[in-house]
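Chemist: Enclosed is the structure file my_file_0.txt (compact mmCIF, C-alpha atoms).
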```txt
# COMPACT_ATOMS: atom_id res chain seq x y z
CA MET A 1 0.00 0.00 0.00
CA ASN A 2 1.38 3.36 -1.03
CA VAL A 3 1.60 5.69 2.01
CA GLU A 4 2.50 9.16 0.77
CA LYS A 5 2.83 11.96 3.30
CA ILE A 6 0.83 15.15 2.87
CA THR A 7 1.83 18.76 3.53
CA PRO A 8 0.40 20.77 6.46
CA PHE A 9 -1.49 22.98 3.99
CA GLN A 10 -3.15 19.95 2.37
CA PHE A 11 -3.93 18.65 5.84
CA GLY A 12 -5.52 21.97 6.85
CA CYS A 13 -7.73 21.98 3.74
CA MET A 14 -8.75 18.39 4.40
CA CYS A 15 -9.46 19.23 8.03
CA PHE A 16 -11.74 22.11 6.99
CA ALA A 17 -13.56 19.94 4.43
CA PHE A 18 -13.99 17.24 7.06
CA MET A 19 -15.39 19.57 9.72
CA SER A 20 -17.53 21.74 7.47
CA GLY A 21 -19.10 18.98 5.37
CA PHE A 22 -22.70 19.03 6.50
CA SER A 23 -22.17 21.31 9.50
CA THR A 24 -24.73 23.80 8.20
CA LEU A 25 -27.38 21.20 7.39
CA TYR A 26 -29.58 21.26 10.51
CA LEU A 27 -28.17 24.17 12.59
CA LEU A 28 -29.69 22.51 15.65
CA GLU A 29 -27.86 24.62 18.23
CA ALA A 30 -29.26 27.73 16.54
CA LYS A 31 -32.79 26.32 16.67
CA LEU A 32 -32.36 25.85 20.41
CA ILE A 33 -31.02 29.27 21.46
CA MET A 34 -31.47 31.46 18.36
CA HIS A 35 -29.81 34.87 19.11
CA ASP A 36 -27.17 33.48 21.45
CA VAL A 37 -25.98 30.80 19.05
CA TRP A 38 -22.75 32.69 18.31
CA ILE A 39 -21.68 32.16 21.95
CA ALA A 40 -22.26 28.42 21.62
CA ILE A 41 -20.34 28.17 18.33
CA ILE A 42 -17.40 30.22 19.61
CA ALA A 43 -17.29 28.21 22.86
CA ALA A 44 -17.25 24.94 20.88
CA THR A 45 -14.45 26.32 18.67
CA ILE A 46 -12.37 27.29 21.71
CA ALA A 47 -12.86 23.78 23.14
CA THR A 48 -11.72 22.39 19.77
CA LEU A 49 -8.59 24.55 19.83
CA PHE A 50 -7.70 23.18 23.29
CA LEU A 51 -8.37 19.65 22.02
CA VAL A 52 -6.04 20.25 19.06
CA GLN A 53 -3.28 21.42 21.43
CA LEU A 54 -3.73 18.29 23.53
CA LEU A 55 -3.72 15.93 20.53
CA VAL A 56 -0.61 17.60 19.07
CA TYR A 57 1.12 17.38 22.47
CA ILE A 58 0.41 13.63 22.51
CA GLN A 59 1.69 13.23 18.94
CA ARG A 60 4.91 15.16 19.67
CA GLN A 61 5.92 12.70 22.38
CA PHE A 62 6.18 9.97 19.71
CA ALA A 63 7.36 11.70 16.55
CA ASP A 64 6.61 9.25 13.71
CA MET A 65 4.13 6.96 15.44
CA ASN A 66 0.47 6.73 14.53
CA LEU A 67 -2.04 7.48 17.33
CA SER A 68 -3.14 3.81 17.33
CA ASP A 69 0.48 2.79 18.05
CA ILE A 70 0.77 5.51 20.72
CA ILE A 71 -2.40 4.27 22.44
CA ILE A 72 -1.12 0.67 22.48
CA THR A 73 2.32 1.80 23.71
CA VAL A 74 0.85 3.87 26.55
CA PHE A 75 -2.06 1.68 27.65
CA GLY A 76 -0.52 -1.71 26.91
CA ASN A 77 -1.63 -4.28 24.35
CA TRP A 78 -5.09 -5.35 25.56
CA VAL A 79 -6.30 -2.11 27.18
CA GLY A 80 -4.93 -0.23 24.16
CA LYS A 81 -6.91 -2.44 21.78
CA LEU A 82 -10.03 -1.91 23.89
CA VAL A 83 -9.52 1.87 23.63
CA LEU A 84 -9.07 1.51 19.86
CA CYS A 85 -12.36 -0.42 19.73
CA LEU A 86 -14.04 2.56 21.45
CA TYR A 87 -12.64 4.79 18.71
CA LEU A 88 -13.93 2.34 16.08
CA LEU A 89 -17.37 2.58 17.66
CA GLY A 90 -17.20 6.38 17.60
CA MET A 91 -16.08 6.41 13.97
CA THR A 92 -18.85 4.04 12.94
CA GLY A 93 -21.28 6.41 14.63
CA LEU A 94 -19.87 9.41 12.74
CA GLY A 95 -19.94 7.55 9.42
CA VAL A 96 -23.50 6.35 9.97
CA LEU A 97 -24.68 9.85 10.93
CA SER A 98 -23.10 11.34 7.80
CA LEU A 99 -24.55 8.66 5.54
CA ARG A 100 -28.01 8.97 7.05
CA SER A 101 -27.85 12.79 6.89
CA ILE A 102 -26.90 12.77 3.22
CA SER A 103 -29.60 10.24 2.33
CA LEU A 104 -32.22 12.12 4.39
CA PHE A 105 -31.32 15.38 2.68
CA TYR A 106 -31.45 13.86 -0.81
CA THR A 107 -34.72 11.99 -0.23
CA THR A 108 -36.33 15.09 1.31
CA ALA A 109 -35.08 17.83 -1.01
CA ILE A 110 -34.16 16.30 -4.37
CA LEU A 111 -34.94 12.60 -4.91
CA PRO A 112 -38.12 11.81 -2.93
CA ASN A 113 -38.77 8.49 -4.68
CA THR A 114 -35.26 7.07 -4.43
CA SER A 115 -34.59 4.64 -1.59
CA PRO A 116 -32.14 5.84 1.10
CA GLY A 117 -30.34 2.50 0.78
CA LEU A 118 -29.49 3.13 -2.86
CA ILE A 119 -28.18 6.64 -2.11
CA MET A 120 -26.03 5.30 0.73
CA ALA A 121 -24.72 2.44 -1.42
CA ILE A 122 -23.70 4.84 -4.22
CA VAL A 123 -22.06 7.21 -1.72
CA LEU A 124 -20.18 4.32 -0.12
CA LEU A 125 -18.92 3.04 -3.48
CA VAL A 126 -17.29 6.43 -4.07
CA THR A 127 -15.94 6.86 -0.55
CA THR A 128 -14.56 3.32 -0.40
CA TYR A 129 -12.62 3.83 -3.62
CA ALA A 130 -11.37 7.23 -2.41
CA ALA A 131 -10.25 5.79 0.94
CA TYR A 132 -8.49 2.97 -0.95
CA LEU A 133 -6.56 5.54 -3.03
CA GLY A 134 -5.02 6.96 0.15
CA LEU A 135 -4.58 10.20 2.02
CA SER A 136 -2.53 11.90 -0.68
CA SER A 137 -5.30 11.54 -3.28
CA ILE A 138 -7.95 12.60 -0.78
CA SER A 139 -6.05 15.77 0.13
CA ARG A 140 -5.42 16.64 -3.54
CA ALA A 141 -9.16 16.30 -4.19
CA ALA A 142 -9.85 18.59 -1.21
CA LEU A 143 -7.46 21.17 -2.66
CA VAL A 144 -9.33 21.10 -5.98
CA ILE A 145 -12.81 21.44 -4.51
CA LEU A 146 -12.20 24.07 -1.81
CA PRO A 147 -11.69 27.09 -4.16
CA PHE A 148 -15.02 26.27 -5.85
CA PHE A 149 -16.64 25.98 -2.44
CA ALA A 150 -15.19 29.30 -1.23
CA VAL A 151 -16.23 31.23 -4.36
CA ALA A 152 -19.73 29.69 -4.47
CA MET A 153 -20.31 30.37 -0.77
CA LEU A 154 -19.10 33.96 -1.01
CA VAL A 155 -21.34 34.70 -3.99
CA ILE A 156 -24.36 33.04 -2.37
CA SER A 157 -23.71 34.83 0.94
CA VAL A 158 -23.55 38.22 -0.75
CA PHE A 159 -26.90 37.56 -2.43
CA ILE A 160 -28.56 36.25 0.75
CA PHE A 161 -27.19 39.23 2.69
CA ASP A 162 -29.48 41.50 0.65
CA ASP A 163 -32.48 39.83 2.30
CA VAL A 164 -31.17 40.18 5.87
CA GLU A 165 -33.15 42.99 7.46
CA SER A 166 -31.93 43.04 11.07
CA ASN A 167 -29.02 41.59 13.04
CA PRO A 168 -30.17 38.07 13.97
CA PHE A 169 -27.56 37.79 16.75
CA MET A 170 -29.16 40.66 18.69
CA PRO A 171 -30.39 41.05 21.42
CA GLN A 172 -27.73 39.02 23.22
CA PHE A 173 -27.89 36.86 26.36
CA GLN A 174 -31.58 36.02 26.07
CA ASN A 175 -31.12 32.41 27.25
CA ALA A 176 -30.10 30.88 30.57
CA LEU A 177 -26.46 29.83 30.95
CA PRO A 178 -27.21 26.05 31.14
CA LEU A 179 -29.04 26.23 27.80
CA ILE A 180 -26.10 28.08 26.20
CA VAL A 181 -23.69 25.47 27.62
CA TYR A 182 -25.87 22.67 26.30
CA SER A 183 -26.00 24.29 22.87
CA SER A 184 -22.20 24.54 22.95
CA MET A 185 -22.14 20.80 23.62
CA ILE A 186 -24.42 20.22 20.61
CA SER A 187 -22.13 22.37 18.49
CA PHE A 188 -19.07 20.51 19.79
CA GLY A 189 -20.74 17.17 19.02
CA PHE A 190 -21.55 18.26 15.49
CA PRO A 191 -19.28 19.36 13.81
CA PHE A 192 -16.25 20.25 15.99
CA GLY A 193 -15.85 17.06 18.05
CA LYS A 194 -14.89 15.11 14.94
CA THR A 195 -11.40 16.65 15.22
CA SER A 196 -10.18 13.71 17.30
CA VAL A 197 -10.46 11.48 14.20
CA PHE A 198 -7.75 13.61 12.60
CA ALA A 199 -5.25 12.69 15.27
CA PHE A 200 -5.01 9.29 13.55
CA VAL A 201 -3.44 10.88 10.46
CA PHE A 202 -1.07 13.28 12.26
CA SER A 203 1.82 10.89 11.62
CA GLU A 204 1.26 11.12 7.84
CA ILE A 205 2.08 14.83 7.65
CA THR A 206 5.48 16.00 6.43
CA ASN A 207 6.17 18.94 8.77
CA GLN A 208 4.70 18.15 12.16
CA LYS A 209 5.76 21.52 13.60
CA LYS A 210 2.95 23.12 11.61
CA LEU A 211 0.25 20.74 12.87
CA VAL A 212 -1.23 23.20 15.37
CA LYS A 213 -1.30 25.99 12.79
CA SER A 214 -3.09 23.81 10.20
CA CYS A 215 -5.69 22.45 12.61
CA THR A 216 -6.29 25.82 14.28
CA THR A 217 -6.77 27.58 10.95
CA ALA A 218 -9.18 24.88 9.80
CA ALA A 219 -11.19 25.06 13.04
CA ILE A 220 -11.38 28.87 12.90
CA PHE A 221 -12.50 28.83 9.25
CA SER A 222 -15.13 26.20 10.11
CA CYS A 223 -16.34 28.43 12.94
CA VAL A 224 -16.55 31.46 10.61
CA TYR A 225 -18.43 29.41 8.00
CA LEU A 226 -20.89 28.13 10.60
CA LEU A 227 -21.42 31.61 12.10
CA MET A 228 -21.91 33.11 8.64
CA SER A 229 -24.42 30.45 7.59
CA THR A 230 -26.38 30.76 10.83
CA TYR A 231 -26.43 34.57 10.62
CA LEU A 232 -27.66 34.53 7.02
CA ALA A 233 -30.20 31.75 7.56
CA ILE A 234 -31.82 33.37 10.64
CA GLY A 235 -31.63 36.84 9.12
CA CYS A 236 -33.11 35.75 5.82
CA LEU A 237 -35.82 33.36 6.99
CA GLY A 238 -36.86 34.98 10.26
CA GLU A 239 -37.17 33.15 13.58
CA TYR A 240 -40.34 31.18 12.91
CA MET A 241 -39.35 29.96 9.45
CA PHE A 242 -35.85 29.14 10.70
CA LYS A 243 -37.20 26.98 13.51
CA THR A 244 -39.69 25.12 11.35
CA ALA A 245 -37.44 24.53 8.32
CA ALA A 246 -35.80 21.10 8.27
CA PHE A 247 -32.71 22.47 6.48
CA PRO A 248 -32.68 26.23 7.22
CA PHE A 249 -29.52 27.22 5.33
CA PHE A 250 -30.69 25.27 2.29
CA SER A 251 -34.06 27.06 2.49
CA SER A 252 -32.32 30.43 2.56
CA ILE A 253 -30.14 29.49 -0.43
CA GLN A 254 -33.31 28.57 -2.36
CA LEU A 255 -34.34 32.23 -2.19
CA VAL A 256 -31.31 33.33 -4.23
CA LYS A 257 -31.92 34.24 -7.87
CA PHE A 258 -29.51 35.78 -10.36
CA GLY A 259 -31.79 37.97 -12.41
CA GLU A 260 -34.76 36.44 -14.19
CA ASN A 261 -33.03 33.65 -16.09
CA ILE A 262 -30.76 31.83 -13.68
CA GLU A 263 -32.47 30.07 -10.80
CA ARG A 264 -32.07 26.86 -8.75
CA ILE A 265 -28.61 28.02 -7.69
CA GLU A 266 -28.95 25.77 -4.64
CA ILE A 267 -28.28 22.71 -6.84
CA MET A 268 -24.69 23.89 -7.27
CA ILE A 269 -24.32 24.35 -3.52
CA ILE A 270 -25.81 20.90 -2.92
CA GLY A 271 -23.15 19.42 -5.20
CA ILE A 272 -20.37 21.10 -3.23
CA TRP A 273 -21.99 20.19 0.10
CA THR A 274 -22.21 16.57 -1.00
CA ILE A 275 -18.55 16.45 -1.96
CA LEU A 276 -17.52 17.89 1.41
CA THR A 277 -19.68 15.32 3.19
CA LEU A 278 -18.01 12.62 1.12
CA PHE A 279 -14.66 13.80 2.54
CA GLU A 280 -16.02 13.23 6.03
CA ILE A 281 -17.03 9.65 5.25
CA ILE A 282 -13.81 8.98 3.31
CA ILE A 283 -11.58 10.09 6.20
CA VAL A 284 -13.61 8.16 8.76
CA GLN A 285 -13.37 5.02 6.57
CA TYR A 286 -9.63 5.55 6.04
CA CYS A 287 -8.95 5.90 9.78
CA PHE A 288 -11.27 2.96 10.57
CA VAL A 289 -9.28 0.67 8.26
CA LYS A 290 -5.98 1.86 9.78
CA ILE A 291 -7.21 1.12 13.31
CA VAL A 292 -8.65 -2.29 12.39
CA GLY A 293 -5.33 -3.15 10.73
CA ARG A 294 -3.47 -2.14 13.90
CA ILE A 295 -5.76 -4.16 16.18
CA PHE A 296 -5.29 -7.35 14.14
CA GLY A 297 -1.66 -6.64 13.23
CA ALA A 298 -2.39 -6.63 9.48
CA LYS A 299 0.21 -4.99 7.24
CA ASN A 300 -1.52 -5.03 3.84
CA LEU A 301 -4.71 -3.02 4.29
CA SER A 302 -5.86 -2.72 0.66
CA SER A 303 -8.28 -5.66 0.88
CA LEU A 304 -10.04 -4.26 3.98
CA TYR A 305 -11.69 -1.21 2.43
CA LEU A 306 -14.60 -3.07 0.77
CA PRO A 307 -15.68 -5.04 3.88
CA VAL A 308 -15.42 -1.83 5.96
CA GLY A 309 -17.61 -0.02 3.41
CA ALA A 310 -20.09 -2.91 3.68
CA ILE A 311 -20.12 -2.58 7.50
CA PHE A 312 -20.85 1.15 7.24
CA PHE A 313 -23.68 0.39 4.79
CA ALA A 314 -25.11 -2.41 6.93
CA VAL A 315 -25.05 -0.40 10.19
CA SER A 316 -26.52 2.63 8.43
CA MET A 317 -29.39 0.53 7.06
CA LYS A 318 -30.28 -0.58 10.60
CA SER A 319 -29.95 2.89 12.20
CA PHE A 320 -32.11 6.03 12.22
CA ASP A 321 -34.97 4.65 10.14
CA ASN A 322 -36.83 7.98 10.47
CA PRO A 323 -35.69 11.64 10.52
CA ALA A 324 -37.06 12.25 14.03
CA LYS A 325 -34.67 9.66 15.48
CA LEU A 326 -31.73 11.24 13.66
CA VAL A 327 -32.45 14.74 14.95
CA ALA A 328 -33.22 13.47 18.48
CA TYR A 329 -29.89 11.58 18.49
CA ASP A 330 -28.00 14.67 17.31
CA VAL A 331 -29.57 16.79 20.05
CA LYS A 332 -29.79 14.38 22.99
CA ILE A 333 -27.16 11.64 22.60
CA LEU A 334 -24.32 12.94 20.41
CA PRO A 335 -23.32 15.80 22.78
CA PHE A 336 -22.62 13.13 25.43
CA SER A 337 -21.34 10.24 23.31
CA ILE A 338 -18.67 12.47 21.73
CA ILE A 339 -17.14 13.30 25.14
CA LEU A 340 -15.49 9.90 25.71
CA PRO A 341 -13.49 9.59 22.44
CA SER A 342 -12.90 13.32 21.93
CA ILE A 343 -12.21 14.61 25.42
CA ILE A 344 -11.82 11.93 28.11
CA LEU A 345 -9.53 9.49 26.26
CA PRO A 346 -7.15 12.20 24.91
CA LEU A 347 -7.10 13.78 28.42
CA ILE A 348 -6.18 10.44 30.06
CA LEU A 349 -3.53 9.83 27.40
CA GLY A 350 -2.12 13.36 27.81
CA CYS A 351 -2.04 13.06 31.63
CA ILE A 352 -0.22 9.69 31.53
CA LEU A 353 2.36 11.05 29.08
CA TRP A 354 2.82 14.24 31.12
CA VAL A 355 3.37 12.28 34.36
CA LYS A 356 5.82 9.93 32.61
CA LYS A 357 7.71 12.88 31.16
CA SER A 358 7.87 14.66 34.54
CA ARG A 359 9.17 11.50 36.26
CA LYS A 360 11.78 11.01 33.55
CA ASN A 361 12.96 14.62 33.94
CA GLN A 362 13.19 14.17 37.74
CA MET A 363 15.19 10.96 37.27
CA ASP A 364 17.52 12.72 34.84
CA ILE A 365 18.06 15.58 37.32
CA GLN A 366 18.77 13.10 40.18
CA ASN A 367 21.21 11.10 38.04
CA SER A 368 23.10 14.18 36.92
CA MET B 369 -33.28 -5.54 -2.52
CA ILE B 370 -30.09 -3.48 -2.23
CA GLU B 371 -29.40 -5.09 1.16
CA TYR B 372 -29.48 -8.59 -0.38
CA LEU B 373 -27.19 -7.47 -3.19
CA VAL B 374 -24.64 -6.13 -0.70
CA LEU B 375 -25.04 -9.26 1.45
CA THR B 376 -24.29 -11.51 -1.54
CA PHE B 377 -21.33 -9.36 -2.50
CA VAL B 378 -19.91 -9.39 1.03
CA VAL B 379 -20.22 -13.16 1.38
CA VAL B 380 -18.62 -13.82 -2.03
CA TYR B 381 -15.88 -11.20 -1.60
CA GLY B 382 -15.14 -12.19 2.00
CA SER B 383 -14.77 -15.90 1.30
CA TRP B 384 -12.83 -15.38 -1.95
CA LYS B 385 -10.43 -12.76 -0.60
CA SER B 386 -9.77 -14.45 2.74
CA THR B 387 -9.02 -17.78 0.99
CA LEU B 388 -6.68 -15.99 -1.41
CA LEU B 389 -4.85 -14.19 1.40
CA TRP B 390 -4.64 -17.40 3.48
CA LYS B 391 -2.99 -19.21 0.56
CA LYS B 392 -0.49 -16.34 0.23
CA PHE B 393 0.39 -16.80 3.94
CA GLN B 394 -1.02 -13.36 4.81
CA ARG B 395 -2.86 -14.93 7.72
CA SER B 396 -3.66 -11.75 9.72
CA GLU B 397 -5.11 -10.05 6.65
CA ALA B 398 -7.19 -13.15 5.83
CA ILE B 399 -8.63 -13.22 9.36
CA VAL B 400 -9.47 -9.50 9.33
CA VAL B 401 -11.24 -9.74 5.94
CA CYS B 402 -13.17 -12.76 7.20
CA VAL B 403 -14.18 -11.06 10.48
CA LEU B 404 -15.20 -7.78 8.81
CA SER B 405 -17.22 -9.59 6.13
CA LEU B 406 -18.92 -11.69 8.81
CA VAL B 407 -19.87 -8.59 10.81
CA ALA B 408 -21.31 -6.89 7.69
CA ALA B 409 -23.16 -10.08 6.69
CA CYS B 410 -24.66 -10.50 10.17
CA TYR B 411 -26.04 -6.95 10.08
CA LEU B 412 -27.53 -7.55 6.64
CA LEU B 413 -29.21 -10.88 7.48
CA PRO B 414 -33.00 -10.46 7.75
CA VAL B 415 -33.71 -11.59 11.34
CA ILE B 416 -30.33 -11.54 13.08
CA GLY B 417 -29.57 -8.06 11.72
CA ASN B 418 -32.41 -6.52 13.71
CA TRP B 419 -31.13 -7.99 17.00
CA ILE B 420 -27.52 -6.86 16.80
CA PRO B 421 -26.95 -3.49 18.50
CA THR B 422 -25.96 -0.58 16.30
CA THR B 423 -24.02 2.53 17.37
CA GLU B 424 -27.40 4.26 17.65
CA THR B 425 -28.90 1.70 20.05
CA PHE B 426 -25.64 1.24 21.97
CA ASN B 427 -25.04 4.97 22.53
CA THR B 428 -28.71 5.59 23.28
CA PHE B 429 -28.61 2.80 25.89
CA LEU B 430 -25.44 4.26 27.45
CA TYR B 431 -26.20 7.97 27.37
CA GLN B 432 -30.00 8.31 27.38
CA SER B 433 -30.24 8.44 31.17
CA ILE B 434 -27.33 10.91 31.49
CA SER B 435 -28.88 13.11 28.81
CA GLU B 436 -32.30 13.07 30.49
CA PHE B 437 -30.71 13.81 33.89
CA VAL B 438 -28.78 16.79 32.52
CA MET B 439 -31.79 18.16 30.68
CA ARG B 440 -33.97 17.76 33.76
CA SER B 441 -31.37 19.29 36.11
CA PHE B 442 -30.79 22.35 33.97
CA HIS B 443 -34.45 22.73 32.99
CA ILE B 444 -33.65 22.37 29.31
CA VAL B 445 -36.82 21.97 27.30
CA GLN B 446 -36.56 20.00 24.08
CA GLU B 447 -37.60 22.51 21.44
CA VAL B 448 -35.98 21.14 18.31
CA SER B 449 -38.09 18.84 16.19
CA PRO B 450 -37.75 17.70 12.58
CA SER B 451 -40.16 19.39 10.23
```
Could I get this structure in the form of structure tokens?

Modeler:
Amino acid sequence: MNVEKITPFQFGCMCFAFMSGFSTLYLLEAKLIMHDVWIAIIAATIATLFLVQLLVYIQRQFADMNLSDIIITVFGNWVGKLVLCLYLLGMTGLGVLSLRSISLFYTTAILPNTSPGLIMAIVLLVTTYAAYLGLSSISRAALVILPFFAVAMLVISVFIFDDVESNPFMPQFQNALPLIVYSSMISFGFPFGKTSVFAFVFSEITNQKKLVKSCTTAAIFSCVYLLMSTYLAIGCLGEYMFKTAAFPFFSSIQLVKFGENIERIEIMIIGIWTILTLFEIIIVQYCFVKIVGRIFGAKNLSSLYLPVGAIFFAVSMKSFDNPAKLVAYDVKILPFSIILPSIILPLILGCILWVKKSRKNQMDIQNS
Amino acid sequence: MIEYLVLTFVVVYGSWKSTLLWKKFQRSEAIVVCVLSLVAACYLLPVIGNWIPTTETFNTFLYQSISEFVMRSFHIVQEVSPS
């Protein structure tokens, strides 16, 4: 299997594509606290920046080792493999949520008579092949698509901005603190908490000194994109329409028209959205295969991508059979289920490494 | 229909690829392909597939009570619903 390393810039672009995929699809945290949503999004971004620092600190202790190897080295063989299984569970959850979201969106907005299973199968065929091609190809594809995404979003935003009549983020502090904290947790669960998946590809980056810069830039851009989309969607649709729309940002994009002749601009945005969501599934599949290979001690991973794609399809078919379950899971369960793989496990790992390092330094001082 | 197609594919691919890898003395790879294909096939089987827990059921079982406790403690009213 060809393992080519990628540059920090490519990694940053991939990180942004991964985090921003379908982040503006439901805008659930905004539906919960409306005007104060900016506080929740910024708080979730700050938490992500701390998480990035922690993950990079862990990676720096073992220069060229993959996070799966680090986990097994620190926790020992069996406990380490158990921890990796927890990550596999988390990644399956993320992949299933993305697949179900994309199929729900397509069956609701564009292809009402197509079965969700067929949409998921087609998506998985593409993502499995992309994951098989490797990180280098994935990052090059991200580099190609991101300029189109940036230009399209800027143009659309300028046109939606014409319809914004008042500042939707005012008046501030209208909600109780617990509700704002809970909304921050929702925002961290989707999309920012997915950052921990990226730690599994840290070792495949050429210049690891620029890891923090790449991840931080990607997280900040994701935050800006999410804030911008929320601002425009609330401002354009109004509070009532925003709360009742299944896909508020999509509804606001539908209002954009270029003159009398060009309409249905949202189709172009849907295409770009879909590609970004594919990146999310591709990276999750790629990391899943890497971890499975590490657990079983397999060296040649090329034959694992198809069965892993089949597992993602099979689990997706048995999960979230109606939209209400999907939204309820995103609001009630995901903010809590993301804490273990994204916060607790990296914190434990970081603490163990810090204690070990301190002890080693003390020993060195005593010996000298 | 699509589920049966994928099930057939997984069974054929899993058995073919794991046999091939076993013969090439790539034993670990053969076992992983076999295990992964088996997991996918079990989920896709008509009756057994509905019994096996998914990430949705597993996480809901683990975190439902914590979520309800937090929401009750902080008086958070569930306002978001799919339209």

Chemist: Considering all atoms listed in the file, state which residue in the set A:Met268, A:Ala324, A:Leu345, A:Ile281 is at the smallest distance from chain B.

Modeler: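 The answer is A:Ala324, which sits nearest to chain B.
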
Chemist: Provide an axis-aligned box for all listed atoms of stretch 377-380 of chain B, padding each side by 3 Å; report its centre and its edge lengths in Å to one decimal, as AutoDock Vina command-line options.

Modeler:
```
--center_x -20.0 --center_y -11.6 --center_z -0.6 --size_x 8.7 --size_y 10.5 --size_z 9.9
```

Chemist: Could you please tell me, as a list of chain:residue names, which residues of chain B have an atom within 6 Å of chain A when using all atoms listed in the file?

Modeler: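 Residues satisfying the distance criterion: B:Ser396, B:Glu397, B:Val401, B:Leu404, B:Ser405, B:Ala408, B:Tyr411, B:Leu412, B:Thr423, B:Phe442, B:Pro450, B:Ser451.
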
Chemist: One number please: atom CA of A:Pro341 to atom CA of A:Leu86, in Å, one decimal.

Modeler: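 Atom-to-atom, atom CA of A:Pro341 to atom CA of A:Leu86, that is 7.1 Å.
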
Chemist: Find the distance between atom CA of A:Leu25 and atom CA of A:Ser229 and write it in Å to one decimal.

Modeler: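 The value is 9.7 Å.
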
Chemist: With a distance cut-off of 7 Å and all atoms listed in the file, select the neighbouring residues of stretch 7-20 of chain A, excluding the residue or stretch itself and same-chain residues fewer than 6 positions from it, and output the selection as an MDAnalysis selection string.

Modeler: chainID A and resid 139 142:143 191:192 194 205:207 210:211 214:215 218:219 222 276 279:280

Chemist: Residues near B:Lys385, anyone? I mean within 9 Å using only C-alpha atoms, not counting same-chain ones fewer than 2 positions away, as a VMD selection string.

Modeler: (chain A and resid 303) or (chain B and resid 380 to 383 387 to 390 398 401 to 402)

Chemist: Save out the residues we just selected, C-alpha atoms, as a short mmCIF file (atom, residue, chain, number, x, y, z; two decimals), in the coordinates of the input.

Modeler:
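Saved as result_3.cif:
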```cif
data_model
loop_
_atom_site.label_atom_id
_atom_site.label_comp_id
_atom_site.auth_asym_id
_atom_site.auth_seq_id
_atom_site.Cartn_x
_atom_site.Cartn_y
_atom_site.Cartn_z
CA SER A 303 -8.28 -5.66 0.88
CA VAL B 380 -18.62 -13.82 -2.03
CA TYR B 381 -15.88 -11.20 -1.60
CA GLY B 382 -15.14 -12.19 2.00
CA SER B 383 -14.77 -15.90 1.30
CA THR B 387 -9.02 -17.78 0.99
CA LEU B 388 -6.68 -15.99 -1.41
CA LEU B 389 -4.85 -14.19 1.40
CA TRP B 390 -4.64 -17.40 3.48
CA ALA B 398 -7.19 -13.15 5.83
CA VAL B 401 -11.24 -9.74 5.94
CA CYS B 402 -13.17 -12.76 7.20
#
```

Chemist: Go through A:Ser157, A:Thr274, A:Ser187, A:Thr24 and flag the residue nearest A:Ile119, using all atoms listed in the file for the distances.

Modeler: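 Distance minimum relative to A:Ile119 lands on A:Thr274.
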
Chemist: Using all atoms listed in the file for the distances, tell me which of A:Ile186, A:Ile220, A:Leu88, A:Val289 is nearest to B:Ser435.

Modeler: A:Ile186

Chemist: Would you work out the distance separating atom CA of A:Ala131 from atom CA of A:Val52, expressed in Å to one decimal?

Modeler: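 Computing it gives 23.6 Å between the two atoms.
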
Chemist: For A:Tyr231, which residue out of A:Leu67, A:Val212, A:Met170, A:Leu255 is the nearest one, using all atoms listed in the file?

Modeler: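 Selected residue with least distance to A:Tyr231: A:Met170.
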
Chemist: Fewer than 6 positions away in the same chain doesn't count, so skip those; otherwise give me all residues within 10 Å of A:Ala199, counting all atoms listed in the file, as number ranges by chain.

Modeler: A: 52, 55-56, 58-59, 66-68, 287, 346

Chemist: For A:Gly193, list every protein, DNA or RNA residue within 8 Å, evaluated using only C-alpha atoms, and leave out those in the same chain fewer than 4 positions away; present the list as a list in words.

Modeler: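 Close residues of A:Gly193: Thr48, Phe188, Gly189, Ile338 and Ser342 of chain A.
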
Chemist: Got time to write the residues from that selection, C-alpha atoms, as a short mmCIF file (atom, residue, chain, number, x, y, z; two decimals), in the frame of the given file?

Modeler:
```cif
data_model
loop_
_atom_site.label_atom_id
_atom_site.label_comp_id
_atom_site.auth_asym_id
_atom_site.auth_seq_id
_atom_site.Cartn_x
_atom_site.Cartn_y
_atom_site.Cartn_z
CA THR A 48 -11.72 22.39 19.77
CA PHE A 188 -19.07 20.51 19.79
CA GLY A 189 -20.74 17.17 19.02
CA ILE A 338 -18.67 12.47 21.73
CA SER A 342 -12.90 13.32 21.93
#
```

Chemist: Got a sec: who's within 10 Å of A:Phe242, counting all atoms listed in the file, leaving out chain neighbours fewer than 3 positions off, as a PyMOL selection string?

Modeler: chain A and resi 27+30-31+34+230+233-239+245-249+251-252

Chemist: Counting all atoms listed in the file, which of A:Met65, A:Met120, A:Leu111, A:Ile41 gets nearest to A:Leu278?

Modeler: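 Looking only at the distances to A:Leu278, the closest residue turns out to be A:Met120.
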
Chemist: Determine the nearest neighbour of B:Met369 from the options A:Ala109, A:Gly95, A:Ala63, A:Pro116, counting all atoms listed in the file.

Modeler: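 Nearest candidate to B:Met369 out of A:Ala109, A:Gly95, A:Ala63, A:Pro116: A:Pro116.
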